[in-house]
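The file coords-v1.txt contains compact mmCIF, C-alpha atoms and all ligand atoms:
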```
# COMPACT_ATOMS: atom_id res chain seq x y z
CA MET A 1 -213.44 101.20 81.60
CA GLY A 2 -211.02 98.35 80.86
CA GLU A 3 -207.39 97.91 81.73
CA ILE A 4 -204.63 99.96 80.14
CA ARG A 5 -202.78 97.57 77.84
CA LEU A 6 -199.39 96.54 79.11
CA HIS A 7 -196.67 95.23 76.77
CA PRO A 8 -193.54 94.28 78.67
CA ARG A 9 -190.44 93.14 76.79
CA SER A 10 -188.76 90.55 78.88
CA SER A 11 -185.79 88.23 78.88
CA ALA A 12 -184.00 86.24 81.59
CA SER A 13 -181.72 89.19 82.29
CA GLU A 14 -184.04 92.16 81.83
CA LEU A 15 -187.63 93.31 82.10
CA ARG A 16 -188.26 96.49 80.15
CA ALA A 17 -191.15 98.74 79.09
CA THR A 18 -191.71 102.34 77.99
CA ALA A 19 -194.68 104.59 78.75
CA GLU A 20 -195.63 108.20 78.14
CA ALA A 21 -197.85 110.68 79.97
CA GLY A 22 -198.79 114.35 79.70
CA ALA A 23 -198.53 117.11 82.28
CA ASN A 24 -201.78 118.64 83.50
CA ILE A 25 -203.04 122.03 84.64
CA ALA A 26 -205.29 122.03 87.69
CA LEU A 27 -208.42 124.18 87.50
CA THR A 28 -209.03 123.49 91.19
CA LYS A 29 -205.81 122.71 92.99
CA TYR A 30 -204.38 119.97 95.14
CA TRP A 31 -202.57 121.83 97.92
CA GLY A 32 -202.05 120.17 101.28
CA ASN A 33 -202.54 116.55 102.30
CA ALA A 34 -205.13 114.80 104.46
CA ASP A 35 -202.49 112.04 104.84
CA ALA A 36 -198.93 113.08 104.00
CA ASP A 37 -197.43 109.55 104.04
CA LEU A 38 -199.99 108.23 101.58
CA ARG A 39 -200.22 111.57 99.71
CA ILE A 40 -203.97 111.70 100.11
CA PRO A 41 -204.98 115.23 99.08
CA ALA A 42 -206.88 117.52 101.46
CA ASN A 43 -209.47 118.25 98.75
CA ASP A 44 -210.76 117.07 95.37
CA SER A 45 -209.16 118.71 92.33
CA VAL A 46 -209.98 118.93 88.63
CA SER A 47 -207.46 119.28 85.81
CA ILE A 48 -206.91 119.24 82.07
CA THR A 49 -204.24 116.85 80.78
CA LEU A 50 -202.06 118.74 78.28
CA ASP A 51 -201.08 117.64 74.78
CA ARG A 52 -197.81 119.52 74.31
CA ALA A 53 -196.02 118.75 77.56
CA ARG A 54 -195.23 115.04 77.73
CA THR A 55 -192.78 112.67 79.42
CA VAL A 56 -191.53 109.37 77.96
CA THR A 57 -190.03 106.95 80.49
CA THR A 58 -188.34 103.58 80.02
CA VAL A 59 -187.94 101.27 83.01
CA ALA A 60 -185.69 98.20 82.89
CA PHE A 61 -185.46 95.95 85.97
CA ARG A 62 -182.17 94.01 86.03
CA PRO A 63 -180.71 91.44 88.44
CA ASP A 64 -177.18 92.88 88.19
CA LEU A 65 -177.88 96.47 89.34
CA PRO A 66 -176.77 97.26 92.93
CA GLU A 67 -179.19 100.22 93.13
CA ASP A 68 -181.72 102.08 91.03
CA GLU A 69 -180.28 104.39 88.37
CA VAL A 70 -182.49 107.28 87.29
CA THR A 71 -181.77 109.86 84.59
CA VAL A 72 -184.11 112.69 83.63
CA ASP A 73 -183.28 114.58 80.44
CA GLY A 74 -179.78 113.10 80.51
CA ARG A 75 -179.02 114.08 84.13
CA ALA A 76 -178.58 111.42 86.82
CA LEU A 77 -180.84 112.04 89.81
CA THR A 78 -179.25 112.01 93.26
CA GLY A 79 -180.35 112.80 96.83
CA PRO A 80 -184.05 113.32 97.67
CA ALA A 81 -185.15 113.34 94.00
CA TRP A 82 -183.55 109.90 93.46
CA GLU A 83 -184.96 108.59 96.77
CA ARG A 84 -188.47 109.62 95.78
CA VAL A 85 -188.26 107.60 92.55
CA SER A 86 -186.59 104.64 94.26
CA ARG A 87 -189.26 104.55 96.99
CA HIS A 88 -191.91 104.62 94.30
CA LEU A 89 -190.26 101.68 92.54
CA ASP A 90 -190.22 99.87 95.92
CA LEU A 91 -194.02 100.06 95.95
CA LEU A 92 -194.18 98.37 92.57
CA ARG A 93 -191.47 95.84 93.43
CA GLY A 94 -193.48 94.99 96.54
CA ARG A 95 -196.57 94.29 94.42
CA ALA A 96 -194.59 92.10 92.01
CA GLY A 97 -192.54 90.34 94.68
CA ILE A 98 -189.28 91.18 92.93
CA ALA A 99 -186.10 92.70 94.37
CA TRP A 100 -184.32 93.65 91.11
CA ARG A 101 -183.20 97.27 90.89
CA ALA A 102 -184.15 99.35 87.86
CA GLN A 103 -182.63 101.60 85.29
CA VAL A 104 -185.01 104.50 84.59
CA VAL A 105 -184.52 106.83 81.63
CA SER A 106 -187.01 109.68 81.42
CA ARG A 107 -187.28 112.45 78.83
CA ASN A 108 -189.53 115.49 78.77
CA ASN A 109 -190.46 117.05 75.45
CA PHE A 110 -190.74 120.40 77.17
CA PRO A 111 -187.69 122.29 78.42
CA ALA A 112 -186.80 121.74 82.07
CA GLY A 113 -187.94 124.68 84.14
CA ALA A 114 -190.50 125.76 81.57
CA GLY A 115 -193.05 126.24 84.29
CA ILE A 116 -194.65 122.89 83.64
CA ALA A 117 -194.51 120.52 86.57
CA ALA A 118 -192.73 117.39 85.32
CA SER A 119 -193.71 115.43 88.46
CA ALA A 120 -197.27 114.77 87.23
CA SER A 121 -196.30 113.43 83.81
CA GLY A 122 -193.11 111.91 85.24
CA PHE A 123 -194.72 109.80 87.97
CA ALA A 124 -197.65 108.82 85.74
CA ALA A 125 -195.26 107.57 83.03
CA LEU A 126 -192.98 105.92 85.62
CA THR A 127 -195.87 104.09 87.29
CA LEU A 128 -197.25 102.81 84.01
CA ALA A 129 -193.84 101.81 82.61
CA ALA A 130 -192.85 100.01 85.84
CA ALA A 131 -196.21 98.23 86.08
CA ALA A 132 -195.93 97.13 82.44
CA THR A 133 -192.35 96.01 82.94
CA LEU A 134 -193.31 93.86 85.91
CA GLY A 135 -196.37 92.47 84.14
CA LEU A 136 -198.69 93.85 86.83
CA ALA A 137 -202.27 94.11 85.58
CA PHE A 138 -203.78 97.18 87.21
CA SER A 139 -207.07 98.84 86.45
CA PRO A 140 -206.70 102.51 85.41
CA ARG A 141 -208.07 103.47 88.85
CA ASP A 142 -205.39 101.43 90.64
CA LEU A 143 -202.69 102.89 88.39
CA SER A 144 -203.97 106.34 89.33
CA ARG A 145 -203.82 105.48 93.05
CA LEU A 146 -200.27 104.21 92.67
CA ALA A 147 -199.18 107.25 90.63
CA ARG A 148 -200.62 109.43 93.44
CA ARG A 149 -198.13 107.91 95.87
CA GLY A 150 -195.31 109.39 93.74
CA SER A 151 -196.92 112.79 93.16
CA GLY A 152 -200.52 113.74 93.92
CA SER A 153 -201.05 115.46 90.59
CA ALA A 154 -199.68 112.37 88.75
CA ALA A 155 -202.88 110.54 89.69
CA ARG A 156 -204.68 112.87 87.25
CA SER A 157 -202.13 112.48 84.41
CA VAL A 158 -202.99 108.77 84.08
CA PHE A 159 -206.11 109.96 82.25
CA GLY A 160 -206.58 112.27 79.26
CA GLY A 161 -208.89 115.24 78.85
CA PHE A 162 -210.76 116.58 81.88
CA VAL A 163 -209.99 114.69 85.08
CA LEU A 164 -211.25 114.67 88.69
CA LEU A 165 -208.99 113.56 91.56
CA HIS A 166 -211.01 112.38 94.54
CA THR A 167 -209.66 112.74 98.01
CA GLY A 168 -210.57 110.11 100.61
CA VAL A 169 -209.89 108.72 104.03
CA ARG A 170 -208.19 105.56 102.83
CA ASP A 171 -205.68 104.89 100.07
CA GLU A 172 -208.40 103.04 98.10
CA ASP A 173 -210.62 106.13 98.02
CA ALA A 174 -208.13 108.63 96.59
CA PHE A 175 -207.92 108.16 92.82
CA ALA A 176 -208.56 110.13 89.67
CA GLU A 177 -211.29 109.48 87.14
CA PRO A 178 -211.77 110.85 83.63
CA LEU A 179 -214.72 113.23 83.32
CA TYR A 180 -214.59 114.08 79.62
CA ALA A 181 -212.35 113.09 76.70
CA PRO A 182 -209.94 115.70 75.27
CA ASP A 183 -212.31 116.55 72.41
CA TRP A 184 -215.15 117.50 74.80
CA TRP A 185 -214.01 121.11 74.80
CA ASP A 186 -211.21 122.86 72.90
CA ILE A 187 -209.91 124.98 75.76
CA ARG A 188 -206.46 126.47 75.22
CA ASP A 189 -203.85 126.78 77.94
CA LEU A 190 -201.15 129.32 77.03
CA ILE A 191 -198.28 128.67 79.42
CA VAL A 192 -196.54 131.99 79.96
CA VAL A 193 -192.94 131.39 81.02
CA VAL A 194 -191.56 134.30 83.03
CA SER A 195 -188.86 132.33 84.85
CA ARG A 196 -186.98 129.07 84.26
CA ALA A 197 -185.33 129.07 87.68
CA GLU A 198 -185.82 125.97 89.80
CA LYS A 199 -188.35 126.76 92.52
CA ALA A 200 -186.84 127.42 95.95
CA VAL A 201 -189.48 125.31 97.74
CA PRO A 202 -190.74 122.25 95.80
CA SER A 203 -194.45 121.47 95.96
CA GLY A 204 -193.73 118.36 98.06
CA GLU A 205 -192.52 120.60 100.90
CA GLY A 206 -195.22 123.16 100.25
CA HIS A 207 -197.97 120.61 100.92
CA HIS A 208 -196.58 120.16 104.44
CA LEU A 209 -196.75 123.91 105.08
CA ALA A 210 -200.38 124.33 103.97
CA PRO A 211 -201.89 123.57 107.43
CA THR A 212 -199.71 126.29 108.98
CA SER A 213 -201.81 128.90 107.15
CA ALA A 214 -204.92 130.18 108.95
CA LEU A 215 -206.57 130.19 105.51
CA HIS A 216 -206.03 126.49 104.69
CA GLN A 217 -209.23 125.11 106.23
CA ALA A 218 -211.26 127.97 104.77
CA ARG A 219 -209.88 127.20 101.33
CA VAL A 220 -210.60 123.45 101.66
CA ALA A 221 -214.22 124.27 102.58
CA ARG A 222 -214.55 126.72 99.70
CA VAL A 223 -213.05 124.32 97.13
CA ALA A 224 -215.88 121.87 97.74
CA GLU A 225 -218.31 124.52 96.45
CA LEU A 226 -215.93 125.55 93.64
CA ASN A 227 -215.72 121.94 92.47
CA ARG A 228 -219.52 121.77 92.28
CA GLN A 229 -219.53 124.93 90.16
CA LEU A 230 -216.70 123.61 88.01
CA LEU A 231 -218.37 120.26 87.29
CA ASP A 232 -221.49 122.15 86.30
CA ALA A 233 -219.47 124.54 84.09
CA LEU A 234 -217.73 121.60 82.39
CA SER A 235 -221.01 119.82 81.71
CA ARG A 236 -222.48 122.98 80.11
CA ARG A 237 -219.21 124.16 78.51
CA ASP A 238 -219.64 127.50 80.30
CA PHE A 239 -216.21 129.07 79.91
CA ALA A 240 -216.85 132.14 82.08
CA ALA A 241 -217.98 129.93 84.97
CA LEU A 242 -214.95 127.64 84.53
CA GLY A 243 -212.58 130.61 84.37
CA GLN A 244 -214.01 132.28 87.50
CA VAL A 245 -213.54 129.06 89.46
CA ALA A 246 -209.99 128.52 88.17
CA GLU A 247 -208.93 132.08 89.06
CA GLU A 248 -210.55 132.00 92.46
CA ASP A 249 -208.88 128.77 93.50
CA ALA A 250 -205.48 129.83 92.11
CA LEU A 251 -205.75 132.97 94.27
CA LEU A 252 -206.97 130.98 97.27
CA MET A 253 -204.07 128.53 96.95
CA HIS A 254 -201.53 131.34 96.64
CA ALA A 255 -203.13 133.10 99.63
CA VAL A 256 -202.56 129.88 101.62
CA MET A 257 -198.97 129.70 100.36
CA MET A 258 -198.27 133.35 101.16
CA THR A 259 -199.69 133.03 104.69
CA SER A 260 -197.93 129.76 105.56
CA ARG A 261 -195.06 129.69 108.05
CA PRO A 262 -192.60 130.14 106.51
CA SER A 263 -194.35 132.15 103.84
CA LEU A 264 -194.16 130.92 100.24
CA ILE A 265 -194.28 133.70 97.67
CA TYR A 266 -193.89 132.15 94.24
CA TRP A 267 -194.94 135.24 92.28
CA LEU A 268 -192.57 137.61 90.49
CA PRO A 269 -193.43 141.11 89.26
CA GLU A 270 -193.97 139.58 85.78
CA THR A 271 -196.53 137.16 87.25
CA LEU A 272 -198.61 140.08 88.45
CA ALA A 273 -198.17 141.87 85.11
CA VAL A 274 -199.70 138.87 83.29
CA ILE A 275 -202.57 138.71 85.84
CA HIS A 276 -203.34 142.40 85.23
CA ARG A 277 -203.15 141.91 81.47
CA VAL A 278 -205.66 139.04 81.62
CA GLN A 279 -208.05 141.12 83.74
CA ALA A 280 -207.71 144.05 81.30
CA TRP A 281 -208.51 141.71 78.39
CA ARG A 282 -211.68 140.62 80.14
CA ARG A 283 -212.78 144.23 80.55
CA GLU A 284 -212.38 144.48 76.73
CA GLY A 285 -214.66 141.45 76.30
CA ILE A 286 -211.93 138.88 75.61
CA GLU A 287 -212.52 135.49 77.23
CA ALA A 288 -209.32 134.81 79.15
CA TYR A 289 -208.65 133.67 82.72
CA PHE A 290 -205.46 132.84 84.59
CA THR A 291 -204.29 130.10 86.88
CA ILE A 292 -200.89 129.58 88.52
CA ASP A 293 -199.28 126.47 90.01
CA ALA A 294 -196.44 126.38 92.55
CA GLY A 295 -194.22 128.82 90.68
CA PRO A 296 -194.18 132.22 88.98
CA ASN A 297 -195.38 131.13 85.52
CA VAL A 298 -198.95 131.85 84.51
CA HIS A 299 -201.36 129.62 82.59
CA VAL A 300 -203.75 131.73 80.50
CA LEU A 301 -206.93 129.81 79.76
CA THR A 302 -208.77 130.91 76.65
CA LEU A 303 -210.82 129.73 73.67
CA PRO A 304 -209.69 129.13 70.04
CA PRO A 305 -210.86 132.49 68.57
CA TYR A 306 -208.55 134.39 70.93
CA ALA A 307 -205.58 132.01 71.20
CA ASP A 308 -203.30 133.34 68.40
CA ARG A 309 -203.77 136.99 69.28
CA LEU A 310 -203.28 136.44 73.00
CA GLN A 311 -200.21 134.32 72.37
CA ALA A 312 -198.63 137.13 70.29
CA ASP A 313 -199.57 139.81 72.83
CA LEU A 314 -198.24 137.75 75.75
CA ARG A 315 -194.92 137.24 73.94
CA ALA A 316 -194.59 141.02 73.61
CA LEU A 317 -194.97 141.63 77.37
CA PRO A 318 -191.72 142.61 79.12
CA GLY A 319 -190.17 139.67 80.98
CA VAL A 320 -192.07 136.97 79.08
CA GLN A 321 -189.52 134.37 77.94
CA ASP A 322 -191.80 131.97 76.12
CA VAL A 323 -195.43 131.04 75.57
CA ILE A 324 -196.28 127.34 75.14
CA PRO A 325 -199.76 126.81 73.65
CA CYS A 326 -201.44 123.61 74.89
CA ARG A 327 -204.77 121.85 74.33
CA PRO A 328 -206.45 118.99 76.16
CA GLY A 329 -204.42 115.85 75.46
CA PRO A 330 -204.53 112.06 75.88
CA GLY A 331 -203.82 110.02 78.99
CA ALA A 332 -200.83 107.86 79.81
CA SER A 333 -200.08 104.91 77.56
CA VAL A 334 -197.52 102.17 77.07
CA ILE A 335 -195.43 102.59 73.91
CA PRO A 336 -195.27 99.05 72.46
CA ASN A 337 -192.18 99.42 70.24
CA PRO A 338 -190.26 102.51 71.33
CA ALA A 339 -187.39 103.81 69.19
CA GLU A 340 -184.18 102.93 71.01
O1 LIG B 401 -198.29 116.71 92.63
P1 LIG B 401 -197.52 117.75 93.35
O2 LIG B 401 -197.02 117.29 94.69
O3 LIG B 401 -196.41 118.34 92.49
O4 LIG B 401 -198.51 118.96 93.69
C1 LIG B 401 -199.19 119.73 92.73
C2 LIG B 401 -199.41 121.10 93.23
C3 LIG B 401 -200.00 122.08 92.24
O5 LIG B 401 -199.45 121.92 90.95
C4 LIG B 401 -199.64 123.49 92.73
C5 LIG B 401 -201.52 121.98 92.17
C6 LIG B 401 -202.09 120.85 91.37
O6 LIG B 401 -203.18 120.39 91.75
O7 LIG B 401 -201.51 120.43 90.35
```
Take the structure from the file and write it as structure tokens.
Ligand code: PMV
Amino acid sequence: MGEIRLHPRSSASELRATAEAGANIALTKYWGNADADLRIPANDSVSITLDRARTVTTVAFRPDLPEDEVTVDGRALTGPAWERVSRHLDLLRGRAGIAWRAQVVSRNNFPAGAGIAASASGFAALTLAAAATLGLAFSPRDLSRLARRGSGSAARSVFGGFVLLHTGVRDEDAFAEPLYAPDWWDIRDLIVVVSRAEKAVPSGEGHHLAPTSALHQARVARVAELNRQLLDALSRRDFAALGQVAEEDALLMHAVMMTSRPSLIYWLPETLAVIHRVQAWRREGIEAYFTIDAGPNVHVLTLPPYADRLQADLRALPGVQDVIPCRPGPGASVIPNPAE
């Protein structure tokens, strides 16, 4: 695979580029780090990059800025959220040997708090835009490794379709790789929004708590087997096998969260109602499975013949605020001539 094409627009007083990336839903999850400083995940994970949930980010490095300025959906970031972006930019500045601060403007095409983690698409788009701006020529693998330093799941959003994130011992070993293009398999992900509230404990903190659960090591061992089953299911397009793996690891991850100290319980009563609905559908012969990230919203995985009906039925459930239908989507890319 070649390099992702980079098109910086530069002048003596500004270096600027824009990139976009999609969010992703993990079928096997990244939860807990082998190396927290480097954000090297405790286990391999596999995800689908989503078409409908995308972030567009413009980065402009300028000599006159005293510090980085970051806005997301029109709101200026401050505190730890700002520091995380600024530290990530430091990594890229270090590679380019430049000290200029940056203006970062990021927009999500999905509503904030819609139950879609913006950190994956956000850090993938930021990494690509900053690399393009600075004229750094990275291979897709190196871009993925760099994106991982901002947010583990962002390593996967560099690529489209079905993506595997390898763990490793060293920074060089922990990167994502594309398994199959988006058109390999038309799986639908119906994102069921039951809450738009900001999560009390962000995933960054949650990763640190994972080892406090007695179940963490057991889950890491089990995920190795689940990943084998998942890769096999993907190669054969066996939806039942894929769905069983996705549900099992979502439940394993939430068992780890719930048994951490302090305990993390992301579920709401509506979360459980959707889980029960999906299981009832399966008893009726409908092919649907659930997975849940670090929050109360549920991703219902299904196939095209069921998608419209399930979407309508999910919308009618009490407490369901929205359903966002997604398909496998493309990877991150630089936008050569963005609209201002
Ligand atoms: O990339 P982070 O630090 O936001 O962690 C992602 C955590 C989960 O979404 C719960 C799982 C995953 O693999 O995406």
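Residues in contact with Ala332 (chain A) at 7 Å, where all atoms listed in the file are counted and same-chain residues fewer than 5 positions away are skipped, are listed as Glu20, Ala21, Gly22, Ala124, Ala125, Ser157, Val158 and Phe159 of chain A.
The neighbours of Asn108 (chain A) here are the residues that come within 9 Å of it, using only C-alpha atoms and leaving out any residue fewer than 5 positions away in the same chain; they are Ala53, Arg54, Thr55, Val56, Thr57, Val72, Asp73, Ala118, Ser121 and Gly122 of chain A.
Across A:Thr133, A:Ser263, A:Thr271, A:Thr212, the tightest approach to Phe290 (chain A) is made by A:Thr271 when counting only C-alpha atoms.
Rounded to one decimal, CA of Arg148 (chain A) and CA of Phe110 (chain A) lie 22.0 Å from each other.
Counting all atoms listed in the file, the residue from A:Ala76, A:Leu143, A:Ile48, A:Leu126 that sits nearest to His88 (chain A) is A:Leu126.
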Considering only C-alpha atoms, return as a PyMOL selection string whatever protein or nucleic-acid residues lie within 12 Å of Glu287 (chain A), sequence-local ones (same chain, fewer than 3 positions apart) excluded.
-> chain A and resi 187-188+238-244+278-284+290+300-307+309-310
Could you take the residues named above and write them with C-alpha atoms, as a PDB file, in the frame of the given file?
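Once written, out.pdb looks like this:
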```pdb
ATOM      1  CA  ILE A 187    -209.910 124.980  75.760  1.00  0.00           C
ATOM      2  CA  ARG A 188    -206.460 126.470  75.220  1.00  0.00           C
ATOM      3  CA  ASP A 238    -219.640 127.500  80.300  1.00  0.00           C
ATOM      4  CA  PHE A 239    -216.210 129.070  79.910  1.00  0.00           C
ATOM      5  CA  ALA A 240    -216.850 132.140  82.080  1.00  0.00           C
ATOM      6  CA  ALA A 241    -217.980 129.930  84.970  1.00  0.00           C
ATOM      7  CA  LEU A 242    -214.950 127.640  84.530  1.00  0.00           C
ATOM      8  CA  GLY A 243    -212.580 130.610  84.370  1.00  0.00           C
ATOM      9  CA  GLN A 244    -214.010 132.280  87.500  1.00  0.00           C
ATOM     10  CA  VAL A 278    -205.660 139.040  81.620  1.00  0.00           C
ATOM     11  CA  GLN A 279    -208.050 141.120  83.740  1.00  0.00           C
ATOM     12  CA  ALA A 280    -207.710 144.050  81.300  1.00  0.00           C
ATOM     13  CA  TRP A 281    -208.510 141.710  78.390  1.00  0.00           C
ATOM     14  CA  ARG A 282    -211.680 140.620  80.140  1.00  0.00           C
ATOM     15  CA  ARG A 283    -212.780 144.230  80.550  1.00  0.00           C
ATOM     16  CA  GLU A 284    -212.380 144.480  76.730  1.00  0.00           C
ATOM     17  CA  PHE A 290    -205.460 132.840  84.590  1.00  0.00           C
ATOM     18  CA  VAL A 300    -203.750 131.730  80.500  1.00  0.00           C
ATOM     19  CA  LEU A 301    -206.930 129.810  79.760  1.00  0.00           C
ATOM     20  CA  THR A 302    -208.770 130.910  76.650  1.00  0.00           C
ATOM     21  CA  LEU A 303    -210.820 129.730  73.670  1.00  0.00           C
ATOM     22  CA  PRO A 304    -209.690 129.130  70.040  1.00  0.00           C
ATOM     23  CA  PRO A 305    -210.860 132.490  68.570  1.00  0.00           C
ATOM     24  CA  TYR A 306    -208.550 134.390  70.930  1.00  0.00           C
ATOM     25  CA  ALA A 307    -205.580 132.010  71.200  1.00  0.00           C
ATOM     26  CA  ARG A 309    -203.770 136.990  69.280  1.00  0.00           C
ATOM     27  CA  LEU A 310    -203.280 136.440  73.000  1.00  0.00           C
TER      28      LEU A 310
END
```
Separation of CA of Ala130 (chain A) and CA of Glu67 (chain A), in Å?
-> 15.5 Å
Residue with smallest distance to ligand LIG 401 (chain B) - pool A:Ile335, A:Ala255, A:Ala294, A:Val70, counting all atoms listed in the file = A:Ala294
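With CA of Ala34 (chain A) on one side and CA of Glu225 (chain A) on the other, the separation reads 18.2 Å.
Here the question is which of A:Pro202, A:Leu164, A:Thr58, A:Asp173 gets nearest to Ser119 (chain A) using all atoms listed in the file, and that residue is A:Pro202.
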Nearest residue to Leu179 (chain A) from the set A:Ala117, A:Ala316, A:Leu77, A:Leu165 (distances using only C-alpha atoms) | A:Leu165
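Of the residues listed (A:Pro140, A:Pro66, A:Gly168, A:Pro318), A:Pro318 shows the shortest atom-to-atom separation from Val274 (chain A); distances use all atoms listed in the file.
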Sorted per-residue table, chain A near ligand LIG 401 (chain B), closest atoms and distance, 9 Å, only C-alpha atoms and all ligand atoms, as a tab-separated table:
```
residue	atom	partner	partner_atom	distance
A:Asn24	CA	B:LIG401	O7	7.1
A:Ile25	CA	B:LIG401	O7	6.1
A:Ala26	CA	B:LIG401	O6	4.9
A:Leu27	CA	B:LIG401	O6	7.7
A:Thr28	CA	B:LIG401	O6	6.6
A:Lys29	CA	B:LIG401	O6	3.7
A:Tyr30	CA	B:LIG401	O6	3.6
A:Trp31	CA	B:LIG401	C2	5.7
A:Gly32	CA	B:LIG401	O4	8.5
A:Arg39	CA	B:LIG401	O2	8.3
A:Ser45	CA	B:LIG401	O6	6.2
A:Val46	CA	B:LIG401	O6	7.6
A:Ser47	CA	B:LIG401	O6	7.4
A:Ile116	CA	B:LIG401	O5	8.8
A:Ala117	CA	B:LIG401	O3	6.6
A:Ala118	CA	B:LIG401	O3	8.1
A:Ser119	CA	B:LIG401	O3	5.7
A:Ala120	CA	B:LIG401	O1	5.8
A:Arg148	CA	B:LIG401	O1	7.7
A:Gly150	CA	B:LIG401	O1	8.0
A:Ser151	CA	B:LIG401	O1	4.2
A:Gly152	CA	B:LIG401	O1	3.9
A:Ser153	CA	B:LIG401	O1	3.7
A:Ala154	CA	B:LIG401	O1	6.0
A:Ala155	CA	B:LIG401	O1	8.2
A:Arg156	CA	B:LIG401	O7	8.8
A:Leu165	CA	B:LIG401	O6	9.0
A:Pro202	CA	B:LIG401	O3	7.6
A:Ser203	CA	B:LIG401	O3	5.1
A:Gly204	CA	B:LIG401	O2	4.8
A:Glu205	CA	B:LIG401	O2	8.4
A:Gly206	CA	B:LIG401	O2	8.3
A:His207	CA	B:LIG401	O2	7.1
A:Ala250	CA	B:LIG401	C4	8.6
A:Met253	CA	B:LIG401	C4	7.9
A:His254	CA	B:LIG401	C4	9.0
A:Ile292	CA	B:LIG401	C4	7.5
A:Asp293	CA	B:LIG401	C4	4.1
A:Ala294	CA	B:LIG401	C4	4.3
A:Gly295	CA	B:LIG401	C4	7.9
```
Do you know which residues are at most 8 Å from region 259-261 of chain A counting all atoms listed in the file, after dropping those on the same chain fewer than 5 positions away, and could you put them as a VMD selection string?
-> chain A and resid 209 to 215
Extract, using only C-alpha atoms, all DNA, RNA and protein residues at most 9 Å from Leu136 (chain A), discarding same-chain residues fewer than 5 positions from it, and format them as a ChimeraX atom specification.
-> /A:6,92,95-96,130-131
Could you work out an axis-aligned bounding box for all listed atoms of region 299-317 of chain A, with 5 Å added on each of the six sides, and give its centre and edge lengths in Å to one decimal, as lines of an AutoDock Vina configuration file?
```
center_x = -202.7
center_y = 135.4
center_z = 75.5
size_x = 26.3
size_y = 22.5
size_z = 24.2
```
Is there a way to get, as an NGL selection string, all residues within 8 Å of the point (-187.6, 104.0, 76.5) in file coordinates, counting all atoms listed in the file?
-> :A and (17-19 or 56-59 or 105-106 or 338-340)
Nearby residues, (-193.7, 137.7, 90.0) file frame, 10 Å, all atoms listed in the file, as a list of chain:residue names = A:Val194, A:Ser195, A:Ile265, A:Tyr266, A:Trp267, A:Leu268, A:Pro269, A:Glu270, A:Thr271, A:Leu272, A:Ala273, A:Val274, A:Ile275, A:Gly295, A:Pro296, A:Asn297, A:Val298, A:Gly319
